[in-house]
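Novice: This is the structure I want to talk about, given as structure tokens.
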Amino acid sequence: MCGIIGYAGDRPCLPVLLDGLEKLEYRGYDSAGVAWPAAGDFCTVKKQGRLAALRRRLEELAPAAARCGIGHTRWATHGAPCDANSHPHRAGQVCLVHNGIIENAAALKAPLLQAGAVFASETDTEVLAWLLDSLYKGDPLTALRSALAQVCGSYALAVLFSDRPGQIWAVRRQSPLVVGLGDGENFLASDMPALLAHTKRFILPDEDELVLLTAQEVQFFDAAGNAVEKEISTAAWDAQDAEKGSYPHFMLKEIHEQPEALLRTVLPRIQGGLPCFEPDGPSDTLLTGIRRVCIVGCGTAYHAGLAGKAMLEQLACLPTRVEIASEFRYAAPLLSKDELVIAVSQSGETLDTLAALQLAAQHGCPTLAIVNVPGSSLAREAGTVLYTAAGPEIAVASTKTCSAQIATLYLLAFRLALVRGTAEEPLLRQLTAQLSGCGDAIYALLQRKDKLQQLAARYSGAEHLFFIGRGPDHALALEGSLKLKEISYIHSEGCAAGELKHGTISLITDGTPVIALATQSALLEKTLGSIREVQARGAKVILLCPETAEVERSAAEHIIRLPAVHELLLPLTALVPLQLFAYYAAVQRGCDVDKPRNLAKSVTVE
Ligand code: AGP
């Protein structure tokens with residue numbers, strides 16, 4: 001998962017490239033580099049480490065101002081993070097940056113070595129540069145088409161040719177790429193936040209489409225090399241949406257944006273007090289024909305699916321399975337044509353989730369994407385789309401998009417229950433109204449963030465921390481655990497509360513922190529029993545339960561009561577204390593909250 005950027009215009013390119021790379025750093029930050037054509041060759045500057053290291057190097061070099069260039073920020077896949085493996089990579093008359101993986105790089109490299117190529121790195125990307133150079137006879141379009149015909153894998157490329165200063169050639173397959181249109185200048189990047197400071201006019205190249213970008217124009221070609229016309233779209237986001245503002249971290253800002261993100265997501269889909277997805281979402285005709293549901297996703301998106309499963313089964317009485325996308329795609333899944341496959345993804349570019357959706361479509365299943373990024377690959381490949389309207393999510397840890405995903409799945413469950421007649425309309429109206437009201441409940445919880453900060457300070461020194469829950473709270477336990485470990489690096493595990501006695505309880509020792517989730521009244525006593533089990537082994541328990549729950553103060557070391565909403569909706573609000581706890585624990589431990597080690601925001605490789 002890397003970020004690429006390109007600029008051609010009437011301004012010096014370096015500030016545009018560097019500021020854009022800063023917005024892309026959440027995609028990868030092992031190293032960064034820039035390149036521009038100069039005197040029939042290229043200038044390339046690249047450095048291991050964060051973007052600041054590249055900025056310092058460029059300040060030392062103080063290069064002449066170029067007006068066309070490309071840049072890259074890297075999350076290492078092939079070759080360790082080091083200067084030599086950083087992008088851009090050059091070979092002869094070619095210099096390029098790449099996001100993705102060339103899966104047959106080794107096979108392509110052998111003949112290139114025999115032909116005299118001298119490799120400077122261990123990367124798959126450099127193989128592509130040498131291949132392209134070996135095919136370049138003066139026509140970039142022909143050379144690119146010939147080279148890519150030999151390539152297996154995923155890519156978003158930005159390419160310079162030394163004899164064509166002022167031109168940037170680009171192409172994508174499975175990796176994201178957006179083209180930004182300016183006045184006397186044009187841009188390209190891995191995604192929109194990198195360009196929102198310059199333009200809100202975008203064109204999204206389709207799979208295998210090639211792009212020629214100069215200061216004056218942008219041309220598109222299909223895989224066969226034919227010119228194609230493209231539609232210009234306007235971003236719904238503004239530059240400040242992708243800024244931290246007064247918050248110390250994007251993650252804290254995005255946790256606090258949840259009330260409005262929730263409302264922006266649900267309100268446009270409520271008409272007459274009930275969910276309505278037509279004309280642009282899944283139709284009632286489609287929903288009426290569904291006999292089962294399969295939700296696929298990764299990480300937090302997978303957990304959102306688990307939370308949605310509870311509602312789909314309880315209200316719409318639809319058998320619902322939730323699959324980890326990377327498992328689903330290799331499991332030879334048993335799919336039927338009356339099974340709605342829902343791909344949940346913030347970025348809409350997660351390769352495993354995209355492949356899972358494609359597999360479902362190949363089996364003739366109706367597909368639905370619940371995504372946050374407009375025009376993303378998943379949105380374009382799914383049969384129908386329900387966008388979460390959470391706005392750009394910059395922190396690697398998903399927060400506002402998780403609650404928006406769950407809210408969207410809840411709305412879908414309500415609509416399915418309505419068209420299937422499996423729940424009374426008054427209940428569905430009540431749930432729909434209260435779903436909108438969850439924004440207030442989340443806002444109320446945000447006002448109690450000091451409590452979470454205190455608890456995080458108390459327990460952030462723990463070596464291990466466990467989350468337990470039953471039913472929809474098991475999904476919360478998994479998500480709370482992921483949030484904590486991915487940004488604070490505390491080892492954590494989410495566990496079905498009933499499973500503790502089958503193994504995990506052996507890890508509970510004196511002082512082990514356990515966060516117990518009990519949002520459902522029917523399961524409360526059982527979960528209180530699980531709490532007593534771990535307390536008997538010395539655990540210190542933080543209990544999240546409804547404010548109306550009849551729970552003795554002594555039931556847990558700490559009790560966080562959740563504002564009153566219908567208990568079916570409580571898991572949506574219980575997310576917030578878990579997110580805040582993880583955030584403050586990470587801050588307490590001095591971690592890089594927005595860019596946790598080894599992680600990137602969008603996993604566009606396997
Ligand atoms: C969660 O905080 C992580 N950012 C990660 O698990 C993420 O949810 C996962 O990689 C899926 O990403 P997507 O939603 O963009 O598909």
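Letters for chains follow the order of the structure tokens (A, B, ...), residue numbers begin at 1 for each chain, and ligand numbers begin at 1 in the order shown.
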Show me, as a tab-separated table, the residues of region 394-447 of chain A having an atom within 12 Å of region 321-343 of chain A, each with the closest atom pair and its distance in Å, using only C-alpha atoms.

Specialist:
```
residue	atom	partner	partner_atom	distance
A:Gln405	CA	A:Ala343	CA	10.6
A:Thr408	CA	A:Ile342	CA	11.4
A:Leu409	CA	A:Ile342	CA	9.5
A:Leu412	CA	A:Ile342	CA	10.7
A:Leu416	CA	A:Leu340	CA	11.4
```

Novice: Using only C-alpha atoms and all ligand atoms, which residues of chain A come within 8 Å of ligand 1, and what is the closest atom pair for each, with the distance in Å to one decimal? Give it as a tab-separated table, sorted by chain and residue number.

Specialist:
```
residue	atom	partner	partner_atom_place_in_ligand_line	distance
A:Gly297	CA	ligand 1	16 (O)	6.4
A:Cys298	CA	ligand 1	11 (C)	4.6
A:Gly299	CA	ligand 1	6 (O)	3.3
A:Thr300	CA	ligand 1	8 (O)	3.7
A:Ala301	CA	ligand 1	14 (O)	4.9
A:Tyr302	CA	ligand 1	8 (O)	7.4
A:Val344	CA	ligand 1	14 (O)	6.6
A:Ser345	CA	ligand 1	14 (O)	3.5
A:Gln346	CA	ligand 1	14 (O)	3.6
A:Ser347	CA	ligand 1	15 (O)	3.6
A:Gly348	CA	ligand 1	15 (O)	5.7
A:Glu349	CA	ligand 1	15 (O)	6.3
A:Thr350	CA	ligand 1	16 (O)	4.6
A:Thr353	CA	ligand 1	16 (O)	6.6
A:Val371	CA	ligand 1	14 (O)	7.6
A:Ala395	CA	ligand 1	4 (N)	7.8
A:Val396	CA	ligand 1	4 (N)	4.8
A:Ala397	CA	ligand 1	2 (O)	3.3
A:Ser398	CA	ligand 1	2 (O)	3.9
A:Thr399	CA	ligand 1	2 (O)	6.9
A:Thr401	CA	ligand 1	14 (O)	7.9
A:Cys402	CA	ligand 1	8 (O)	8.0
A:Leu482	CA	ligand 1	2 (O)	6.9
A:Lys483	CA	ligand 1	2 (O)	5.9
A:Glu486	CA	ligand 1	2 (O)	7.1
A:Leu599	CA	ligand 1	4 (N)	7.9
A:Ala600	CA	ligand 1	4 (N)	7.3
A:Lys601	CA	ligand 1	4 (N)	5.5
A:Ser602	CA	ligand 1	15 (O)	5.2
A:Val603	CA	ligand 1	10 (O)	5.6
```

Novice: Save out the residues we just selected, N, CA and C atoms, as an mmCIF file, in the first residue's frame.

Specialist:
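Writing the result to out_21.cif gives the following:
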```
data_model
loop_
_atom_site.group_PDB
_atom_site.id
_atom_site.type_symbol
_atom_site.label_atom_id
_atom_site.label_comp_id
_atom_site.auth_asym_id
_atom_site.auth_seq_id
_atom_site.Cartn_x
_atom_site.Cartn_y
_atom_site.Cartn_z
ATOM 1 N N GLY A 297 -15.545 -8.784 4.451
ATOM 2 C CA GLY A 297 -14.769 -7.597 4.798
ATOM 3 C C GLY A 297 -13.495 -8.006 5.511
ATOM 4 N N CYS A 298 -12.692 -7.027 5.840
ATOM 5 C CA CYS A 298 -11.422 -7.257 6.546
ATOM 6 C C CYS A 298 -11.375 -6.339 7.763
ATOM 7 N N GLY A 299 -10.691 -6.790 8.791
ATOM 8 C CA GLY A 299 -10.447 -5.935 9.954
ATOM 9 C C GLY A 299 -11.735 -5.356 10.518
ATOM 10 N N THR A 300 -11.706 -4.039 10.684
ATOM 11 C CA THR A 300 -12.869 -3.369 11.273
ATOM 12 C C THR A 300 -14.113 -3.569 10.429
ATOM 13 N N ALA A 301 -13.939 -3.572 9.106
ATOM 14 C CA ALA A 301 -15.110 -3.751 8.233
ATOM 15 C C ALA A 301 -15.746 -5.116 8.484
ATOM 16 N N TYR A 302 -14.910 -6.114 8.751
ATOM 17 C CA TYR A 302 -15.421 -7.449 9.086
ATOM 18 C C TYR A 302 -16.210 -7.392 10.396
ATOM 19 N N VAL A 344 -18.087 -4.891 2.632
ATOM 20 C CA VAL A 344 -17.995 -3.705 3.485
ATOM 21 C C VAL A 344 -16.550 -3.217 3.478
ATOM 22 N N SER A 345 -16.360 -1.943 3.205
ATOM 23 C CA SER A 345 -14.988 -1.426 3.109
ATOM 24 C C SER A 345 -14.982 0.097 3.211
ATOM 25 N N GLN A 346 -14.119 0.654 4.013
ATOM 26 C CA GLN A 346 -13.947 2.104 4.080
ATOM 27 C C GLN A 346 -13.352 2.614 2.785
ATOM 28 N N SER A 347 -12.232 2.046 2.385
ATOM 29 C CA SER A 347 -11.497 2.566 1.221
ATOM 30 C C SER A 347 -12.125 2.164 -0.101
ATOM 31 N N GLY A 348 -12.804 1.000 -0.092
ATOM 32 C CA GLY A 348 -13.308 0.476 -1.360
ATOM 33 C C GLY A 348 -12.191 -0.051 -2.243
ATOM 34 N N GLU A 349 -10.989 -0.202 -1.664
ATOM 35 C CA GLU A 349 -9.826 -0.648 -2.464
ATOM 36 C C GLU A 349 -9.136 -1.859 -1.847
ATOM 37 N N THR A 350 -9.629 -2.364 -0.722
ATOM 38 C CA THR A 350 -8.990 -3.518 -0.080
ATOM 39 C C THR A 350 -9.036 -4.700 -1.038
ATOM 40 N N THR A 353 -11.091 -7.860 -0.236
ATOM 41 C CA THR A 353 -12.539 -7.635 -0.267
ATOM 42 C C THR A 353 -13.019 -7.484 -1.704
ATOM 43 N N VAL A 371 -19.389 1.291 1.069
ATOM 44 C CA VAL A 371 -18.055 1.900 1.018
ATOM 45 C C VAL A 371 -18.134 3.388 1.343
ATOM 46 N N ALA A 395 -6.929 8.750 9.638
ATOM 47 C CA ALA A 395 -6.241 7.873 10.598
ATOM 48 C C ALA A 395 -6.328 6.434 10.107
ATOM 49 N N VAL A 396 -5.256 5.684 10.318
ATOM 50 C CA VAL A 396 -5.273 4.273 9.904
ATOM 51 C C VAL A 396 -6.381 3.524 10.626
ATOM 52 N N ALA A 397 -6.601 3.844 11.874
ATOM 53 C CA ALA A 397 -7.636 3.147 12.639
ATOM 54 C C ALA A 397 -9.012 3.647 12.211
ATOM 55 N N SER A 398 -9.845 2.723 11.781
ATOM 56 C CA SER A 398 -11.200 3.088 11.347
ATOM 57 C C SER A 398 -12.079 3.346 12.561
ATOM 58 N N THR A 399 -12.743 4.500 12.581
ATOM 59 C CA THR A 399 -13.635 4.814 13.697
ATOM 60 C C THR A 399 -14.992 5.261 13.161
ATOM 61 N N THR A 401 -16.001 5.564 10.205
ATOM 62 C CA THR A 401 -16.529 4.758 9.101
ATOM 63 C C THR A 401 -17.082 3.435 9.624
ATOM 64 N N CYS A 402 -16.553 2.965 10.759
ATOM 65 C CA CYS A 402 -17.099 1.736 11.349
ATOM 66 C C CYS A 402 -18.529 1.972 11.815
ATOM 67 N N LEU A 482 -9.158 -4.943 18.413
ATOM 68 C CA LEU A 482 -8.376 -4.513 17.240
ATOM 69 C C LEU A 482 -7.958 -3.062 17.390
ATOM 70 N N LYS A 483 -8.882 -2.201 17.774
ATOM 71 C CA LYS A 483 -8.550 -0.776 17.963
ATOM 72 C C LYS A 483 -7.382 -0.631 18.920
ATOM 73 N N GLU A 486 -3.943 -2.245 17.523
ATOM 74 C CA GLU A 486 -3.351 -1.698 16.290
ATOM 75 C C GLU A 486 -2.718 -0.331 16.523
ATOM 76 N N LEU A 599 1.367 -0.654 9.648
ATOM 77 C CA LEU A 599 -0.003 -0.638 9.116
ATOM 78 C C LEU A 599 -0.168 0.487 8.105
ATOM 79 N N ALA A 600 -1.067 0.272 7.156
ATOM 80 C CA ALA A 600 -1.413 1.337 6.215
ATOM 81 C C ALA A 600 -2.929 1.430 6.159
ATOM 82 N N LYS A 601 -3.423 2.522 5.670
ATOM 83 C CA LYS A 601 -4.859 2.771 5.703
ATOM 84 C C LYS A 601 -5.609 1.898 4.715
ATOM 85 N N SER A 602 -4.967 1.659 3.610
ATOM 86 C CA SER A 602 -5.680 0.900 2.590
ATOM 87 C C SER A 602 -4.784 -0.262 2.152
ATOM 88 N N VAL A 603 -5.299 -1.491 2.321
ATOM 89 C CA VAL A 603 -4.467 -2.674 2.035
ATOM 90 C C VAL A 603 -4.786 -3.152 0.628
#
```

Novice: I want to know what sits within 9 Å of Val45 (chain A), based on only C-alpha atoms, with residues of the same chain fewer than 6 positions away left out; could you give that as a short mmCIF file (atom, residue, chain, number, x, y, z; two decimals) with all heavy atoms, in the first residue's frame?

Specialist:
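See part18.cif below for the written result:
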```cif
data_model
loop_
_atom_site.label_atom_id
_atom_site.label_comp_id
_atom_site.auth_asym_id
_atom_site.auth_seq_id
_atom_site.Cartn_x
_atom_site.Cartn_y
_atom_site.Cartn_z
N ALA A 32 10.13 7.76 1.04
CA ALA A 32 9.43 8.65 0.09
C ALA A 32 10.44 9.17 -0.93
O ALA A 32 11.66 9.18 -0.67
CB ALA A 32 8.78 9.81 0.84
N GLY A 33 9.92 9.58 -2.08
CA GLY A 33 10.81 10.09 -3.12
C GLY A 33 10.07 10.89 -4.16
O GLY A 33 8.85 10.78 -4.29
N VAL A 34 10.81 11.70 -4.89
CA VAL A 34 10.24 12.49 -5.99
C VAL A 34 11.20 12.44 -7.18
O VAL A 34 12.39 12.11 -7.03
CB VAL A 34 10.02 13.97 -5.58
CG1 VAL A 34 8.89 14.12 -4.58
CG2 VAL A 34 11.31 14.57 -5.04
N ALA A 35 10.66 12.73 -8.37
CA ALA A 35 11.51 12.78 -9.56
C ALA A 35 10.90 13.74 -10.56
O ALA A 35 9.67 13.96 -10.56
CB ALA A 35 11.66 11.40 -10.19
N LEU A 54 12.79 13.30 3.52
CA LEU A 54 12.90 13.71 2.12
C LEU A 54 12.90 15.23 2.02
O LEU A 54 13.68 15.83 1.26
CB LEU A 54 11.73 13.13 1.31
CG LEU A 54 11.67 13.52 -0.16
CD1 LEU A 54 12.86 12.97 -0.93
CD2 LEU A 54 10.37 13.05 -0.79
N ARG A 57 16.28 16.52 2.85
CA ARG A 57 17.24 16.25 1.76
C ARG A 57 17.04 17.24 0.61
O ARG A 57 18.01 17.76 0.05
CB ARG A 57 17.05 14.82 1.27
CG ARG A 57 18.03 14.40 0.18
CD ARG A 57 19.45 14.31 0.73
NE ARG A 57 20.41 13.97 -0.30
CZ ARG A 57 21.53 14.66 -0.51
NH1 ARG A 57 21.81 15.72 0.25
NH2 ARG A 57 22.38 14.32 -1.47
N LEU A 58 15.82 17.53 0.30
CA LEU A 58 15.55 18.48 -0.79
C LEU A 58 15.97 19.89 -0.40
O LEU A 58 16.46 20.66 -1.24
CB LEU A 58 14.07 18.44 -1.16
CG LEU A 58 13.64 17.22 -1.96
CD1 LEU A 58 12.12 17.03 -1.92
CD2 LEU A 58 14.13 17.30 -3.40
N HIS A 87 10.94 4.51 -4.04
CA HIS A 87 10.54 5.00 -5.36
C HIS A 87 10.80 6.50 -5.40
O HIS A 87 10.86 7.13 -4.33
CB HIS A 87 9.05 4.75 -5.61
CG HIS A 87 8.62 3.35 -5.51
ND1 HIS A 87 7.55 2.85 -6.24
CD2 HIS A 87 9.08 2.30 -4.80
CE1 HIS A 87 7.38 1.57 -5.96
NE2 HIS A 87 8.29 1.21 -5.09
N PRO A 88 10.93 7.07 -6.60
CA PRO A 88 10.81 6.54 -7.96
C PRO A 88 11.98 5.63 -8.35
O PRO A 88 13.07 5.74 -7.79
CB PRO A 88 10.81 7.80 -8.84
CG PRO A 88 10.47 8.93 -7.92
CD PRO A 88 11.02 8.54 -6.58
#
```

Novice: Tell me which protein, DNA and RNA residues are within 12 Å of Gly471 (chain A), counting only C-alpha atoms, leaving out same-chain ones fewer than 3 positions away, and put them as a PyMOL selection string.

Specialist: chain A and resi 306-311+313-314+468+474-478+495-498+517-524+526-527+568+571

Novice: Could you write out the selected residues, including N, CA, C and O atoms, as a short mmCIF file (atom, residue, chain, number, x, y, z; two decimals), in the first residue's frame?

Specialist:
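In the end it all went to out.cif:
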```cif
data_model
loop_
_atom_site.label_atom_id
_atom_site.label_comp_id
_atom_site.auth_asym_id
_atom_site.auth_seq_id
_atom_site.Cartn_x
_atom_site.Cartn_y
_atom_site.Cartn_z
N LEU A 306 -20.14 -8.27 11.42
CA LEU A 306 -20.61 -9.10 12.52
C LEU A 306 -21.71 -8.39 13.32
O LEU A 306 -22.70 -8.99 13.72
N ALA A 307 -21.52 -7.08 13.51
CA ALA A 307 -22.54 -6.32 14.24
C ALA A 307 -23.84 -6.27 13.43
O ALA A 307 -24.94 -6.39 13.97
N GLY A 308 -23.68 -6.13 12.10
CA GLY A 308 -24.88 -6.08 11.26
C GLY A 308 -25.60 -7.41 11.18
O GLY A 308 -26.83 -7.47 11.07
N LYS A 309 -24.83 -8.49 11.30
CA LYS A 309 -25.43 -9.84 11.23
C LYS A 309 -26.52 -9.99 12.26
O LYS A 309 -27.61 -10.51 12.00
N ALA A 310 -26.24 -9.53 13.50
CA ALA A 310 -27.20 -9.69 14.58
C ALA A 310 -28.54 -9.06 14.19
O ALA A 310 -29.61 -9.65 14.38
N MET A 311 -28.51 -7.87 13.60
CA MET A 311 -29.74 -7.18 13.24
C MET A 311 -30.43 -7.86 12.06
O MET A 311 -31.66 -8.04 12.05
N GLU A 313 -30.35 -10.98 11.19
CA GLU A 313 -30.97 -12.25 11.58
C GLU A 313 -32.16 -12.01 12.50
O GLU A 313 -33.20 -12.64 12.37
N GLN A 314 -32.00 -11.06 13.41
CA GLN A 314 -33.07 -10.86 14.40
C GLN A 314 -34.31 -10.21 13.78
O GLN A 314 -35.42 -10.61 14.05
N ILE A 468 -14.53 -8.98 26.25
CA ILE A 468 -15.45 -10.11 26.17
C ILE A 468 -16.87 -9.61 25.94
O ILE A 468 -17.23 -8.51 26.35
N HIS A 474 -20.07 -9.58 21.03
CA HIS A 474 -18.84 -10.29 20.63
C HIS A 474 -18.17 -9.55 19.49
O HIS A 474 -16.95 -9.37 19.47
N ALA A 475 -18.98 -9.02 18.59
CA ALA A 475 -18.42 -8.20 17.50
C ALA A 475 -17.71 -6.98 18.08
O ALA A 475 -16.61 -6.62 17.65
N LEU A 476 -18.33 -6.37 19.08
CA LEU A 476 -17.72 -5.20 19.72
C LEU A 476 -16.42 -5.58 20.41
O LEU A 476 -15.44 -4.84 20.39
N ALA A 477 -16.40 -6.76 21.03
CA ALA A 477 -15.19 -7.21 21.72
C ALA A 477 -14.04 -7.35 20.72
O ALA A 477 -12.91 -6.92 20.97
N LEU A 478 -14.34 -7.91 19.56
CA LEU A 478 -13.31 -8.05 18.53
C LEU A 478 -12.84 -6.68 18.04
O LEU A 478 -11.64 -6.44 17.87
N CYS A 495 -12.93 -11.89 22.84
CA CYS A 495 -13.33 -13.27 23.06
C CYS A 495 -14.83 -13.35 23.33
O CYS A 495 -15.38 -12.51 24.06
N ALA A 496 -15.48 -14.31 22.73
CA ALA A 496 -16.89 -14.56 23.10
C ALA A 496 -16.89 -14.91 24.58
O ALA A 496 -16.15 -15.82 25.01
N ALA A 497 -17.70 -14.21 25.36
CA ALA A 497 -17.64 -14.38 26.83
C ALA A 497 -17.84 -15.84 27.23
O ALA A 497 -17.18 -16.35 28.13
N GLY A 498 -18.70 -16.52 26.50
CA GLY A 498 -18.96 -17.92 26.84
C GLY A 498 -17.79 -18.83 26.53
O GLY A 498 -17.74 -19.97 26.99
N LEU A 517 -18.56 -6.28 27.65
CA LEU A 517 -19.64 -5.57 26.97
C LEU A 517 -20.94 -6.30 27.23
O LEU A 517 -21.02 -7.52 27.01
N ALA A 518 -21.94 -5.57 27.69
CA ALA A 518 -23.23 -6.20 28.01
C ALA A 518 -24.35 -5.23 27.61
O ALA A 518 -24.95 -4.58 28.48
N THR A 519 -24.60 -5.12 26.33
CA THR A 519 -25.63 -4.19 25.87
C THR A 519 -27.00 -4.84 25.80
O THR A 519 -28.01 -4.15 25.72
N GLN A 520 -27.06 -6.16 25.74
CA GLN A 520 -28.33 -6.86 25.53
C GLN A 520 -28.86 -7.43 26.84
O GLN A 520 -28.20 -8.25 27.50
N SER A 521 -30.07 -7.04 27.20
CA SER A 521 -30.62 -7.43 28.51
C SER A 521 -30.71 -8.95 28.65
O SER A 521 -30.42 -9.50 29.71
N ALA A 522 -31.05 -9.61 27.54
CA ALA A 522 -31.23 -11.07 27.64
C ALA A 522 -29.92 -11.79 27.95
O ALA A 522 -29.92 -12.93 28.41
N LEU A 523 -28.82 -11.13 27.71
CA LEU A 523 -27.51 -11.78 27.91
C LEU A 523 -26.78 -11.21 29.12
O LEU A 523 -25.67 -11.65 29.44
N LEU A 524 -27.40 -10.25 29.79
CA LEU A 524 -26.69 -9.53 30.85
C LEU A 524 -26.25 -10.47 31.97
O LEU A 524 -25.08 -10.47 32.37
N LYS A 526 -25.73 -13.62 32.00
CA LYS A 526 -24.66 -14.54 31.57
C LYS A 526 -23.32 -13.81 31.55
O LYS A 526 -22.29 -14.34 31.95
N THR A 527 -23.34 -12.59 31.07
CA THR A 527 -22.08 -11.84 30.99
C THR A 527 -21.59 -11.44 32.38
O THR A 527 -20.40 -11.48 32.66
N LEU A 568 -31.28 -2.84 20.70
CA LEU A 568 -30.75 -3.39 19.44
C LEU A 568 -29.73 -2.43 18.82
O LEU A 568 -28.89 -2.83 18.04
N PRO A 571 -25.12 -1.52 20.52
CA PRO A 571 -23.74 -1.82 20.07
C PRO A 571 -23.14 -0.68 19.26
O PRO A 571 -21.93 -0.42 19.32
#
```

Novice: Could you tell me which of A:Ala356, A:Ala149, A:Ala369, A:Ala389 comes closest to Trp237 (chain A) if we count only C-alpha atoms?

Specialist: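 Nearest to Trp237 (chain A): A:Ala389.
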
Novice: Of the candidates A:Lys253, A:Arg537, A:Arg561, A:His491, which shows the shortest atom-to-atom distance to Asp510 (chain A), using only C-alpha atoms?

Specialist: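 Residue with the minimum atom-to-atom distance to Asp510 (chain A): A:Arg537.
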
Novice: Please indicate the distance in Å from CA of Val151 (chain A) to CA of Leu108 (chain A), rounded to one decimal place.

Specialist: 8.1 Å

Novice: Between CA of Phe414 (chain A) and CA of Cys317 (chain A), what is the spacing in Å?

Specialist: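 So the two atoms, CA of Cys317 (chain A) and CA of Phe414 (chain A), lie 10.9 Å apart.
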